[in-house]
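Asks: The following file, my_file02.txt, comprises compact mmCIF, C-alpha atoms and all ligand atoms:
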# COMPACT_ATOMS: atom_id res chain seq x y z
CA MET M 1 79.11 -124.70 -139.18
CA ARG M 2 80.92 -126.24 -142.13
CA GLN M 3 84.67 -126.74 -141.63
CA PRO M 4 87.25 -126.64 -144.47
CA LEU M 5 87.98 -130.32 -143.83
CA ASP M 6 84.40 -131.45 -144.46
CA TRP M 7 83.89 -133.05 -147.88
CA GLN M 8 81.37 -131.46 -150.24
CA ILE M 9 80.11 -132.31 -153.72
CA ALA M 10 81.24 -129.81 -156.33
CA SER M 11 79.73 -129.54 -159.82
CA VAL M 12 82.06 -129.32 -162.80
CA LYS M 13 80.97 -126.07 -164.44
CA ASP M 14 83.63 -125.73 -167.11
CA ILE M 15 86.71 -127.56 -168.42
CA ARG M 16 89.17 -125.80 -170.71
CA PRO M 17 92.60 -126.68 -172.06
CA GLU M 18 95.57 -124.53 -171.03
CA THR M 19 98.30 -126.53 -172.83
CA ALA M 20 98.45 -130.00 -174.42
CA SER M 21 98.80 -131.61 -170.98
CA VAL M 22 97.10 -129.10 -168.67
CA LYS M 23 93.44 -128.28 -168.16
CA THR M 24 91.58 -125.85 -165.93
CA PHE M 25 88.46 -127.08 -164.15
CA THR M 26 85.91 -124.63 -162.78
CA LEU M 27 84.09 -126.18 -159.83
CA ALA M 28 80.90 -124.72 -158.40
CA LEU M 29 80.83 -125.26 -154.65
CA PRO M 30 77.61 -125.51 -152.62
CA ASN M 31 79.59 -124.57 -149.48
CA TRP M 32 81.99 -121.98 -150.88
CA THR M 33 84.24 -120.10 -148.48
CA ALA M 34 86.76 -117.45 -149.51
CA HIS M 35 90.23 -118.93 -149.67
CA ARG M 36 93.62 -117.33 -149.14
CA ALA M 37 95.72 -117.13 -152.31
CA GLY M 38 98.09 -120.11 -152.24
CA GLN M 39 95.74 -122.57 -150.53
CA HIS M 40 94.61 -125.85 -152.04
CA TYR M 41 91.66 -128.26 -152.17
CA ASP M 42 91.75 -132.03 -151.89
CA ILE M 43 89.95 -134.12 -154.49
CA ARG M 44 88.71 -137.61 -153.54
CA LEU M 45 87.71 -140.23 -156.08
CA THR M 46 85.81 -143.34 -155.00
CA ALA M 47 85.58 -146.44 -157.22
CA GLU M 48 82.54 -148.71 -157.24
CA ASP M 49 84.41 -151.24 -155.07
CA GLY M 50 85.05 -148.54 -152.45
CA TYR M 51 88.71 -147.90 -153.35
CA GLN M 52 89.57 -144.23 -152.81
CA ALA M 53 92.32 -141.99 -154.16
CA GLN M 54 92.90 -138.49 -152.85
CA ARG M 55 95.20 -135.72 -154.16
CA SER M 56 95.77 -132.03 -153.44
CA TYR M 57 95.30 -129.29 -156.06
CA SER M 58 96.11 -125.62 -155.60
CA ILE M 59 93.41 -123.06 -156.21
CA ALA M 60 94.22 -121.09 -159.35
CA SER M 61 91.50 -118.47 -159.06
CA GLU M 62 91.41 -115.40 -156.87
CA PRO M 63 89.44 -115.36 -153.59
CA GLU M 64 87.34 -112.46 -154.89
CA ARG M 65 85.50 -114.88 -157.23
CA ARG M 66 82.53 -116.11 -155.24
CA GLY M 67 80.86 -119.52 -155.29
CA GLU M 68 83.40 -121.29 -157.47
CA ILE M 69 87.10 -122.09 -157.83
CA ASP M 70 89.44 -122.95 -160.67
CA LEU M 71 91.85 -125.87 -160.37
CA THR M 72 94.55 -126.23 -163.05
CA ILE M 73 95.74 -129.81 -163.36
CA GLU M 74 98.61 -131.32 -165.32
CA ARG M 75 98.05 -134.80 -166.74
CA ILE M 76 100.73 -137.06 -165.27
CA GLU M 77 101.44 -140.16 -167.37
CA ASP M 78 99.84 -143.15 -165.57
CA GLY M 79 98.68 -140.84 -162.78
CA GLU M 80 95.63 -142.12 -160.98
CA VAL M 81 93.79 -138.89 -160.27
CA SER M 82 95.12 -136.49 -162.93
CA THR M 83 94.28 -138.88 -165.80
CA TYR M 84 90.75 -139.33 -164.41
CA MET M 85 90.34 -135.56 -164.32
CA HIS M 86 91.61 -135.22 -167.90
CA GLU M 87 90.05 -138.24 -169.55
CA VAL M 88 86.89 -139.14 -167.67
CA LEU M 89 85.47 -136.02 -166.05
CA VAL M 90 83.09 -133.93 -168.17
CA GLU M 91 81.16 -130.73 -167.59
CA GLY M 92 78.10 -131.33 -165.42
CA ASP M 93 79.76 -134.14 -163.45
CA GLN M 94 80.01 -134.04 -159.68
CA ILE M 95 83.18 -134.54 -157.70
CA GLU M 96 84.06 -134.76 -154.01
CA VAL M 97 86.31 -131.99 -152.68
CA ARG M 98 87.34 -130.39 -149.40
CA GLY M 99 89.07 -127.12 -148.66
CA PRO M 100 90.40 -124.51 -148.64
CA ILE M 101 93.42 -126.03 -146.92
CA GLY M 102 96.81 -124.61 -145.87
CA GLY M 103 97.92 -121.64 -143.83
CA TYR M 104 101.62 -121.29 -144.64
CA PHE M 105 102.02 -120.96 -148.41
CA VAL M 106 99.60 -118.02 -148.59
CA TRP M 107 99.77 -114.36 -149.47
CA ASP M 108 97.34 -111.53 -148.82
CA ALA M 109 97.22 -108.38 -150.92
CA SER M 110 97.16 -106.22 -147.78
CA SER M 111 100.84 -107.14 -147.31
CA ARG M 112 103.18 -104.49 -148.70
CA ASP M 113 106.09 -106.88 -149.31
CA GLN M 114 107.87 -106.99 -152.63
CA LEU M 115 106.99 -110.40 -154.04
CA LEU M 116 109.33 -112.89 -155.64
CA LEU M 117 107.39 -115.79 -157.17
CA ILE M 118 109.29 -118.75 -158.59
CA ALA M 119 107.49 -121.58 -160.41
CA GLY M 120 108.32 -124.75 -162.28
CA GLY M 121 105.61 -126.20 -164.55
CA SER M 122 102.22 -126.51 -162.85
CA GLY M 123 103.82 -124.97 -159.74
CA VAL M 124 102.66 -121.68 -161.23
CA VAL M 125 99.07 -122.47 -160.14
CA PRO M 126 99.06 -121.15 -156.54
CA LEU M 127 101.27 -118.23 -157.64
CA MET M 128 98.66 -117.38 -160.29
CA SER M 129 96.06 -117.22 -157.54
CA MET M 130 98.32 -114.68 -155.78
CA ILE M 131 98.80 -112.70 -159.01
CA ARG M 132 95.06 -112.69 -159.77
CA HIS M 133 94.26 -111.72 -156.16
CA ARG M 134 96.85 -108.93 -156.34
CA ALA M 135 95.23 -107.61 -159.54
CA SER M 136 91.67 -107.90 -158.16
CA ALA M 137 92.65 -106.08 -154.98
CA GLY M 138 94.35 -103.29 -156.99
CA ALA M 139 97.73 -103.88 -155.31
CA SER M 140 100.83 -102.45 -156.99
CA ASN M 141 103.65 -103.93 -154.88
CA ALA M 142 106.63 -104.89 -157.04
CA THR M 143 106.14 -108.53 -158.02
CA HIS M 144 108.54 -110.62 -160.07
CA LEU M 145 107.46 -114.03 -161.38
CA LEU M 146 110.25 -116.31 -162.61
CA TYR M 147 108.58 -119.20 -164.38
CA SER M 148 110.39 -122.27 -165.73
CA SER M 149 108.76 -124.40 -168.43
CA ARG M 150 110.12 -127.02 -170.80
CA THR M 151 108.99 -125.38 -174.03
CA PHE M 152 106.92 -122.35 -175.02
CA ASP M 153 103.89 -124.57 -175.62
CA ASP M 154 104.09 -125.79 -172.02
CA VAL M 155 103.73 -122.29 -170.54
CA ILE M 156 100.43 -122.08 -168.63
CA TYR M 157 98.52 -118.75 -168.51
CA TYR M 158 100.95 -117.07 -170.96
CA GLN M 159 98.43 -114.63 -172.46
CA GLU M 160 96.87 -113.67 -169.16
CA LEU M 161 100.30 -113.04 -167.63
CA GLU M 162 101.24 -110.84 -170.62
CA LYS M 163 98.02 -108.88 -170.20
CA LEU M 164 98.51 -108.35 -166.47
CA LYS M 165 102.14 -107.38 -167.01
CA SER M 166 101.15 -104.79 -169.63
CA LYS M 167 98.94 -102.98 -167.12
CA GLY M 168 102.11 -101.56 -165.56
CA LYS M 169 101.15 -102.21 -161.94
CA GLY M 170 104.52 -103.55 -160.86
CA LEU M 171 104.23 -107.10 -162.21
CA GLU M 172 107.22 -108.41 -164.16
CA VAL M 173 107.25 -111.88 -165.70
CA PHE M 174 110.49 -113.71 -166.53
CA HIS M 175 110.16 -116.96 -168.47
CA THR M 176 112.83 -119.58 -168.83
CA LEU M 177 112.42 -122.40 -171.37
CA THR M 178 114.69 -125.30 -170.51
CA ARG M 179 114.25 -127.70 -173.46
CA SER M 180 113.64 -125.64 -176.56
CA GLN M 181 112.95 -122.04 -177.42
CA PRO M 182 111.03 -120.54 -180.35
CA ALA M 183 112.92 -118.47 -182.92
CA GLY M 184 113.68 -115.00 -181.61
CA TRP M 185 113.10 -116.00 -177.96
CA SER M 186 114.41 -113.25 -175.70
CA GLY M 187 113.75 -114.87 -172.32
CA PHE M 188 116.03 -117.23 -170.39
CA ASP M 189 116.90 -120.60 -171.95
CA ARG M 190 118.25 -122.73 -169.09
CA ARG M 191 117.36 -124.15 -165.69
CA ILE M 192 117.05 -121.62 -162.86
CA ASP M 193 120.55 -120.80 -161.59
CA GLU M 194 122.35 -118.26 -159.43
CA ALA M 195 122.97 -115.71 -162.19
CA MET M 196 119.31 -115.84 -163.23
CA LEU M 197 118.06 -115.43 -159.68
CA LYS M 198 120.42 -112.50 -159.05
CA GLU M 199 119.09 -110.75 -162.16
CA VAL M 200 115.44 -111.28 -161.19
CA VAL M 201 115.87 -110.55 -157.49
CA LYS M 202 118.16 -107.50 -157.57
CA PRO M 203 115.58 -104.83 -158.49
CA LEU M 204 113.33 -106.05 -155.64
CA GLY M 205 115.81 -105.26 -152.86
CA LYS M 206 116.33 -107.38 -149.77
CA SER M 207 112.98 -107.03 -147.96
CA LEU M 208 111.09 -109.31 -150.32
CA GLN M 209 108.82 -112.28 -149.59
CA ALA M 210 109.57 -115.29 -151.81
CA PHE M 211 107.20 -118.13 -152.75
CA ILE M 212 108.58 -121.10 -154.67
CA CYS M 213 106.43 -123.91 -156.06
CA GLY M 214 106.98 -126.81 -158.43
CA PRO M 215 108.83 -130.11 -158.70
CA THR M 216 110.78 -130.99 -155.56
CA LEU M 217 114.28 -130.56 -157.01
CA LEU M 218 113.52 -127.18 -158.57
CA VAL M 219 112.05 -125.90 -155.32
CA GLU M 220 115.02 -127.04 -153.23
CA SER M 221 117.60 -125.75 -155.66
CA ALA M 222 115.94 -122.33 -156.01
CA ALA M 223 115.49 -121.97 -152.23
CA ASN M 224 119.12 -122.90 -151.52
CA THR M 225 120.37 -120.48 -154.16
CA LEU M 226 118.24 -117.65 -152.78
CA VAL M 227 119.81 -118.19 -149.35
CA LYS M 228 123.24 -118.20 -150.98
CA ILE M 229 122.60 -114.80 -152.55
CA GLY M 230 121.50 -113.27 -149.25
CA ILE M 231 117.76 -113.88 -148.84
CA LYS M 232 116.96 -115.06 -145.32
CA PRO M 233 115.29 -118.48 -144.95
CA ASN M 234 112.36 -116.89 -143.11
CA GLN M 235 111.60 -114.82 -146.23
CA ILE M 236 111.18 -117.97 -148.35
CA ARG M 237 108.09 -120.19 -148.45
CA THR M 238 108.05 -123.35 -150.51
CA GLU M 239 105.52 -125.88 -151.78
CA ARG M 240 106.52 -129.15 -153.47
CA PHE M 241 104.13 -130.68 -155.99
CA GLY M 242 105.77 -133.95 -156.85
CA PRO M 243 108.81 -136.11 -157.28
CA THR M 244 110.22 -135.05 -160.62
CA GLY M 245 113.00 -132.56 -161.09
CA THR M 246 112.66 -132.05 -164.78
CA ALA M 247 111.24 -128.69 -165.75
C1 LIG D 301 99.77 -128.92 -151.89
C2 LIG D 301 99.80 -129.50 -153.28
C3 LIG D 301 99.21 -128.81 -154.32
C4 LIG D 301 99.23 -129.34 -155.63
N1 LIG D 301 98.67 -128.61 -156.63
C5 LIG D 301 98.70 -129.09 -157.90
C6 LIG D 301 98.15 -128.30 -158.97
O1 LIG D 301 97.67 -127.18 -158.78
N2 LIG D 301 98.19 -128.84 -160.22
C7 LIG D 301 98.74 -130.08 -160.47
O2 LIG D 301 98.74 -130.50 -161.64
N3 LIG D 301 99.27 -130.83 -159.46
C8 LIG D 301 99.25 -130.37 -158.19
N4 LIG D 301 99.77 -131.13 -157.17
C9 LIG D 301 100.21 -132.52 -157.46
C10 LIG D 301 99.00 -133.46 -157.31
O3 LIG D 301 98.59 -133.51 -155.95
C11 LIG D 301 99.31 -134.92 -157.72
O4 LIG D 301 100.46 -135.35 -157.05
C12 LIG D 301 99.49 -135.08 -159.22
O5 LIG D 301 98.32 -134.65 -159.93
C13 LIG D 301 99.74 -136.58 -159.55
O6 LIG D 301 98.66 -137.34 -159.09
P1 LIG D 301 98.18 -138.62 -159.89
O7 LIG D 301 97.20 -139.34 -159.04
O8 LIG D 301 97.77 -138.24 -161.27
O9 LIG D 301 99.51 -139.46 -160.05
P2 LIG D 301 99.98 -140.69 -159.09
O10 LIG D 301 99.12 -141.86 -159.39
O11 LIG D 301 100.06 -140.20 -157.70
O12 LIG D 301 101.46 -140.90 -159.60
C14 LIG D 301 101.78 -141.55 -160.85
C15 LIG D 301 103.26 -141.43 -161.12
O13 LIG D 301 103.62 -140.04 -161.32
C16 LIG D 301 104.57 -139.61 -160.35
N5 LIG D 301 104.10 -138.26 -159.91
C17 LIG D 301 103.21 -138.01 -158.92
N6 LIG D 301 103.02 -136.67 -158.80
C18 LIG D 301 103.79 -136.10 -159.74
C19 LIG D 301 104.01 -134.74 -160.12
N7 LIG D 301 103.39 -133.70 -159.51
N8 LIG D 301 104.89 -134.51 -161.12
C20 LIG D 301 105.49 -135.55 -161.75
N9 LIG D 301 105.33 -136.84 -161.44
C21 LIG D 301 104.47 -137.11 -160.44
C22 LIG D 301 104.53 -140.62 -159.24
O14 LIG D 301 105.78 -140.74 -158.61
C23 LIG D 301 104.14 -141.89 -159.97
O15 LIG D 301 105.28 -142.48 -160.54
C24 LIG D 301 99.82 -130.60 -155.87
C25 LIG D 301 100.42 -131.31 -154.82
C26 LIG D 301 100.42 -130.77 -153.54
C27 LIG D 301 101.07 -131.55 -152.44
Can the structure in the file be given as C-alpha cells, please?
Ligand SMILES: Cc1cc2nc3c(=O)[nH]c(=O)nc-3n(C[C@H](O)[C@H](O)[C@H](O)COP(=O)(O)OP(=O)(O)OC[C@H]3O[C@@H](n4cnc5c(N)ncnc54)[C@H](O)[C@@H]3O)c2cc1C

Replies:
Amino acid sequence: MRQPLDWQIASVKDIRPETASVKTFTLALPNWTAHRAGQHYDIRLTAEDGYQAQRSYSIASEPERRGEIDLTIERIEDGEVSTYMHEVLVEGDQIEVRGPIGGYFVWDASSRDQLLLIAGGSGVVPLMSMIRHRASAGASNATHLLYSSRTFDDVIYYQELEKLKSKGKGLEVFHTLTRSQPAGWSGFDRRIDEAMLKEVVKPLGKSLQAFICGPTLLVESAANTLVKIGIKPNQIRTERFGPTGTA
C-alpha cells in the first residue's frame, strides 16, 4: 500500500495567478489520498547533476476534491524552489511530490469548535483549505479569519473569501493591510496587535480553537498575544512558513 511519504509524479494540470507574486498550481496525483485540511505536500526538484532541493507547501484545496490538489506558492526573491515553480514550470509538466503530511495543524469539519484563523501573507493557504472544507461539508460553526497582508493587491483569495462570507454561514473575514490601504478602506491598517485580536476574538467566546500560520514573527507575536488575552496555549496551533517577519 502506498504511504504518504512515498514520492509520486504529479502532473501540472493548471497554473493561475492569484497576485503579482503568488500562483496556484493544480496538481493531478496518480496516487491521490484524501488529506486533512491544514496538511502539506513536499515538492522535490532534481537537477541534471543530481542536486536536489525539497520544500513543503500547504494544500490549499479542500479534501472533498478528488484526484488533485491545489498548492498556492509565493515567489520568494532568489528562492530556489519557489522561483522554479513560478518561472520554469508550465502546464503539462511533471513534478515529484509526497504527501499528505502533518497531523497537528489540521482541522476537521466534524469538530464543533468556534474557529479563529490568523494568517500572514501566504500563511492563509492551509487556513483556506479549512475554510473550503468547512464550506464543502456544510458546516456553520462561527469562524473568524484575521488576515494580514502588505497591500490590497497582495491579498490572496479575496474574491472567494468575500463570496463565502456573503453566504452567511458563520464565516467572518477581517483584513488588515500593513503597508498601504486603498481609498475608503474600512478594514484594519496596522500589524496584528492586542486591540485587534480582542475585537476579532470576543464574539467567538472562550472555547475556540485557534490556528495561526505565516511568517515566524507574526505567528509568535499573535500566539503570545492570544495567551495574554486569555486563550489557553492548548487551544492554539501554529505553523511557521519562513524567516521573515514583515507582513
Ligand atoms: C509546513 C510548511 C508549509 C508551507 N506552505 C507554504 C505555502 O503554502 N505557500 C508558500 O508560498 N510557502 C509555503 N511554505 C514555505 C516554503 O516551504 C519555502 O520555504 C518557500 O517557498 C521558500 O523556498 P525557496 O526554495 O523558494 O527559497 P529558499 O531558497 O529556501 O530561500 C531563499 C531566501 O528566502 C528566505 N526565505 C525562505 N523561505 C521564506 C519564506 N517563506 N518567506 C520569506 N523568506 C523566505 C531564505 O531565508 C533565503 O534567504 C511552507 C513551509 C512549511 C514549513

Asks: Just checking: using only C-alpha atoms and all ligand atoms, which residue out of M:Pro182, M:Gly138, M:Pro126, M:Gly187 ends up closest to ligand LIG 301 (chain D)?

Replies: M:Pro126

Asks: Scan for residues within 12 Å of the point (119.6, -118.6, -150.7) in the coordinates of the file, using all atoms listed in the file, and reply as a list of chain:residue names.

Replies: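 Residues lying no farther than 12 Å from the given point: M:Asp193, M:Glu194, M:Leu197, M:Lys198, M:Val201, M:Lys206, M:Ala210, M:Ile212, M:Val219, M:Glu220, M:Ser221, M:Ala222, M:Ala223, M:Asn224, M:Thr225, M:Leu226, M:Val227, M:Lys228, M:Ile229, M:Gly230, M:Ile231, M:Lys232, M:Pro233, M:Asn234, M:Gln235, M:Ile236, M:Arg237.
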
Asks: From (116.4, -127.4, -172.0), in the file's coordinates, out to 9 Å: which residues are reached, counting all atoms listed in the file? Answer as an NGL selection string.

Replies: :M and (149-151 or 177-181 or 189-191 or 247)

Asks: Could you give me, as a PyMOL selection string, the residues within 10 Å of Pro17 in chain M, counting all atoms listed in the file and dropping anything in the same chain fewer than 6 positions from it?

Replies: chain M and resi 23-25+72-73+86+156

Asks: Write the residues of the selection above to a file with C-alpha atoms, as a tab-separated table (two decimals), in the frame of the given file.

Replies:
chain	number	residue	atom	x	y	z
M	23	LYS	CA	93.44	-128.28	-168.16
M	24	THR	CA	91.58	-125.85	-165.93
M	25	PHE	CA	88.46	-127.08	-164.15
M	72	THR	CA	94.55	-126.23	-163.05
M	73	ILE	CA	95.74	-129.81	-163.36
M	86	HIS	CA	91.61	-135.22	-167.90
M	156	ILE	CA	100.43	-122.08	-168.63

Asks: Between CA of Ala20 in chain M and atom N4 of ligand LIG 301 (chain D), what is the spacing in Å?

Replies: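 Computing it gives 17.3 Å between the two atoms.
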
Asks: For Ile118 in chain M, list every protein, DNA or RNA residue within 7 Å, evaluated using only C-alpha atoms, and leave out those in the same chain fewer than 4 positions away; present the list as a PDB file with C-alpha atoms, keeping the file's coordinate frame.

Replies:
ATOM      1  CA  LEU M 145     107.460-114.030-161.380  1.00  0.00           C
ATOM      2  CA  LEU M 146     110.250-116.310-162.610  1.00  0.00           C
ATOM      3  CA  TYR M 147     108.580-119.200-164.380  1.00  0.00           C
ATOM      4  CA  PHE M 211     107.200-118.130-152.750  1.00  0.00           C
ATOM      5  CA  ILE M 212     108.580-121.100-154.670  1.00  0.00           C
ATOM      6  CA  CYS M 213     106.430-123.910-156.060  1.00  0.00           C
TER       7      CYS M 213
END

Asks: So which residues touch Gly38 in chain M within 10 Å, counting only C-alpha atoms, skipping near sequence neighbours fewer than 6 positions away, as an MDAnalysis selection string?

Replies: chainID M and resid 58:63 100:108 125:130 211 213 239

Asks: Can you measure CA of Tyr158 in chain M to CA of Glu172 in chain M for me? One decimal in Å is fine.

Replies: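 Result for CA of Tyr158 in chain M versus CA of Glu172 in chain M: 12.7 Å, one decimal.
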
Asks: Once 4 Å is added on each side, what are the centre and the three edge lengths, in Å to one decimal, of the axis-aligned box enclosing the listed atoms of ligand LIG 301 (chain D)? Present them as lines of an AutoDock Vina configuration file.

Replies:
center_x = 101.5
center_y = -134.8
center_z = -156.8
size_x = 16.6
size_y = 23.3
size_z = 17.9

Asks: Could you produce a table of the residues of chain M lying within 7 Å of ligand LIG 301 (chain D), with the nearest pair of atoms per residue and their separation in Å rounded to one decimal, using all atoms listed in the file, ordered by chain and increasing residue number, as a tab-separated table?

Replies:
residue	atom	partner	partner_atom	distance
M:His40	CA	D:LIG301	C3	5.9
M:Arg55	CA	D:LIG301	O3	4.4
M:Ser56	CA	D:LIG301	O3	4.1
M:Tyr57	CA	D:LIG301	N1	3.5
M:Ser58	CA	D:LIG301	O1	3.9
M:Ile59	CA	D:LIG301	O1	6.5
M:Leu71	CA	D:LIG301	O1	6.2
M:Thr72	CA	D:LIG301	N2	5.3
M:Ile73	CA	D:LIG301	O2	3.5
M:Glu74	CA	D:LIG301	O2	3.8
M:Arg75	CA	D:LIG301	O8	6.5
M:Ile76	CA	D:LIG301	O8	5.1
M:Glu77	CA	D:LIG301	O13	6.4
M:Asp78	CA	D:LIG301	C14	5.3
M:Gly79	CA	D:LIG301	O8	3.1
M:Glu80	CA	D:LIG301	O7	3.7
M:Val81	CA	D:LIG301	O7	3.7
M:Ser82	CA	D:LIG301	O8	3.6
M:Thr83	CA	D:LIG301	O8	5.8
M:Ser122	CA	D:LIG301	N2	5.3
M:Gly123	CA	D:LIG301	O1	6.6
M:Val125	CA	D:LIG301	O1	5.1
M:Pro126	CA	D:LIG301	O1	6.6
M:Pro215	CA	D:LIG301	N8	6.4
M:Glu239	CA	D:LIG301	C1	6.5
M:Arg240	CA	D:LIG301	C27	6.0
M:Phe241	CA	D:LIG301	C25	3.9
M:Gly242	CA	D:LIG301	N7	3.6
M:Pro243	CA	D:LIG301	C21	5.5
M:Thr244	CA	D:LIG301	C20	4.9

Asks: Print the selection's residues with C-alpha atoms to a file, as a CSV table (one decimal), in the frame of the given file.

Replies:
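The new file again32.csv reads:
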chain,number,residue,atom,x,y,z
M,40,HIS,CA,94.6,-125.8,-152.0
M,55,ARG,CA,95.2,-135.7,-154.2
M,56,SER,CA,95.8,-132.0,-153.4
M,57,TYR,CA,95.3,-129.3,-156.1
M,58,SER,CA,96.1,-125.6,-155.6
M,59,ILE,CA,93.4,-123.1,-156.2
M,71,LEU,CA,91.8,-125.9,-160.4
M,72,THR,CA,94.6,-126.2,-163.0
M,73,ILE,CA,95.7,-129.8,-163.4
M,74,GLU,CA,98.6,-131.3,-165.3
M,75,ARG,CA,98.0,-134.8,-166.7
M,76,ILE,CA,100.7,-137.1,-165.3
M,77,GLU,CA,101.4,-140.2,-167.4
M,78,ASP,CA,99.8,-143.2,-165.6
M,79,GLY,CA,98.7,-140.8,-162.8
M,80,GLU,CA,95.6,-142.1,-161.0
M,81,VAL,CA,93.8,-138.9,-160.3
M,82,SER,CA,95.1,-136.5,-162.9
M,83,THR,CA,94.3,-138.9,-165.8
M,122,SER,CA,102.2,-126.5,-162.8
M,123,GLY,CA,103.8,-125.0,-159.7
M,125,VAL,CA,99.1,-122.5,-160.1
M,126,PRO,CA,99.1,-121.2,-156.5
M,215,PRO,CA,108.8,-130.1,-158.7
M,239,GLU,CA,105.5,-125.9,-151.8
M,240,ARG,CA,106.5,-129.2,-153.5
M,241,PHE,CA,104.1,-130.7,-156.0
M,242,GLY,CA,105.8,-134.0,-156.8
M,243,PRO,CA,108.8,-136.1,-157.3
M,244,THR,CA,110.2,-135.0,-160.6

Asks: Tell me which of M:Leu116, M:Ala10, M:Ala53, M:Leu171 sits closest to Glu91 in chain M, counting all atoms listed in the file.

Replies: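 For Glu91 in chain M, the nearest of the candidates is M:Ala10.
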
Asks: Could you name the residues that touch Ala135 in chain M at 8 Å or less, counting all atoms listed in the file, but leaving out those on the same chain fewer than 4 positions away, as a PyMOL selection string?

Replies: chain M and resi 131+139+164

Asks: Write range 132-146 of chain M as a compact mmCIF listing (two decimals), keeping the file's coordinate frame, completed to N, CA and C atoms.

Replies:
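Saved as out_11.txt:
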# COMPACT_ATOMS: atom_id res chain seq x y z
N ARG M 132 96.44 -113.10 -159.46
CA ARG M 132 95.06 -112.69 -159.77
C ARG M 132 94.45 -111.93 -158.58
N HIS M 133 94.74 -112.40 -157.38
CA HIS M 133 94.26 -111.72 -156.16
C HIS M 133 94.85 -110.32 -156.07
N ARG M 134 96.15 -110.22 -156.35
CA ARG M 134 96.85 -108.93 -156.34
C ARG M 134 96.19 -107.96 -157.33
N ALA M 135 95.86 -108.46 -158.52
CA ALA M 135 95.23 -107.61 -159.54
C ALA M 135 93.81 -107.22 -159.11
N SER M 136 93.05 -108.18 -158.59
CA SER M 136 91.67 -107.90 -158.16
C SER M 136 91.63 -106.88 -157.04
N ALA M 137 92.63 -106.97 -156.15
CA ALA M 137 92.65 -106.08 -154.98
C ALA M 137 93.26 -104.72 -155.34
N GLY M 138 93.75 -104.56 -156.57
CA GLY M 138 94.35 -103.29 -156.99
C GLY M 138 95.71 -103.02 -156.36
N ALA M 139 96.41 -104.07 -155.93
CA ALA M 139 97.73 -103.88 -155.31
C ALA M 139 98.76 -103.53 -156.39
N SER M 140 99.81 -102.80 -156.00
CA SER M 140 100.83 -102.45 -156.99
C SER M 140 102.24 -102.70 -156.43
N ASN M 141 102.33 -103.57 -155.41
CA ASN M 141 103.65 -103.93 -154.88
C ASN M 141 104.48 -104.60 -155.98
N ALA M 142 105.77 -104.29 -156.01
CA ALA M 142 106.63 -104.89 -157.04
C ALA M 142 106.58 -106.41 -156.92
N THR M 143 106.31 -107.07 -158.03
CA THR M 143 106.14 -108.53 -158.02
C THR M 143 106.85 -109.12 -159.24
N HIS M 144 107.82 -109.98 -158.98
CA HIS M 144 108.54 -110.62 -160.07
C HIS M 144 108.23 -112.11 -160.09
N LEU M 145 107.69 -112.59 -161.21
CA LEU M 145 107.46 -114.03 -161.38
C LEU M 145 108.56 -114.58 -162.28
N LEU M 146 109.28 -115.57 -161.78
CA LEU M 146 110.25 -116.31 -162.61
C LEU M 146 109.66 -117.70 -162.82
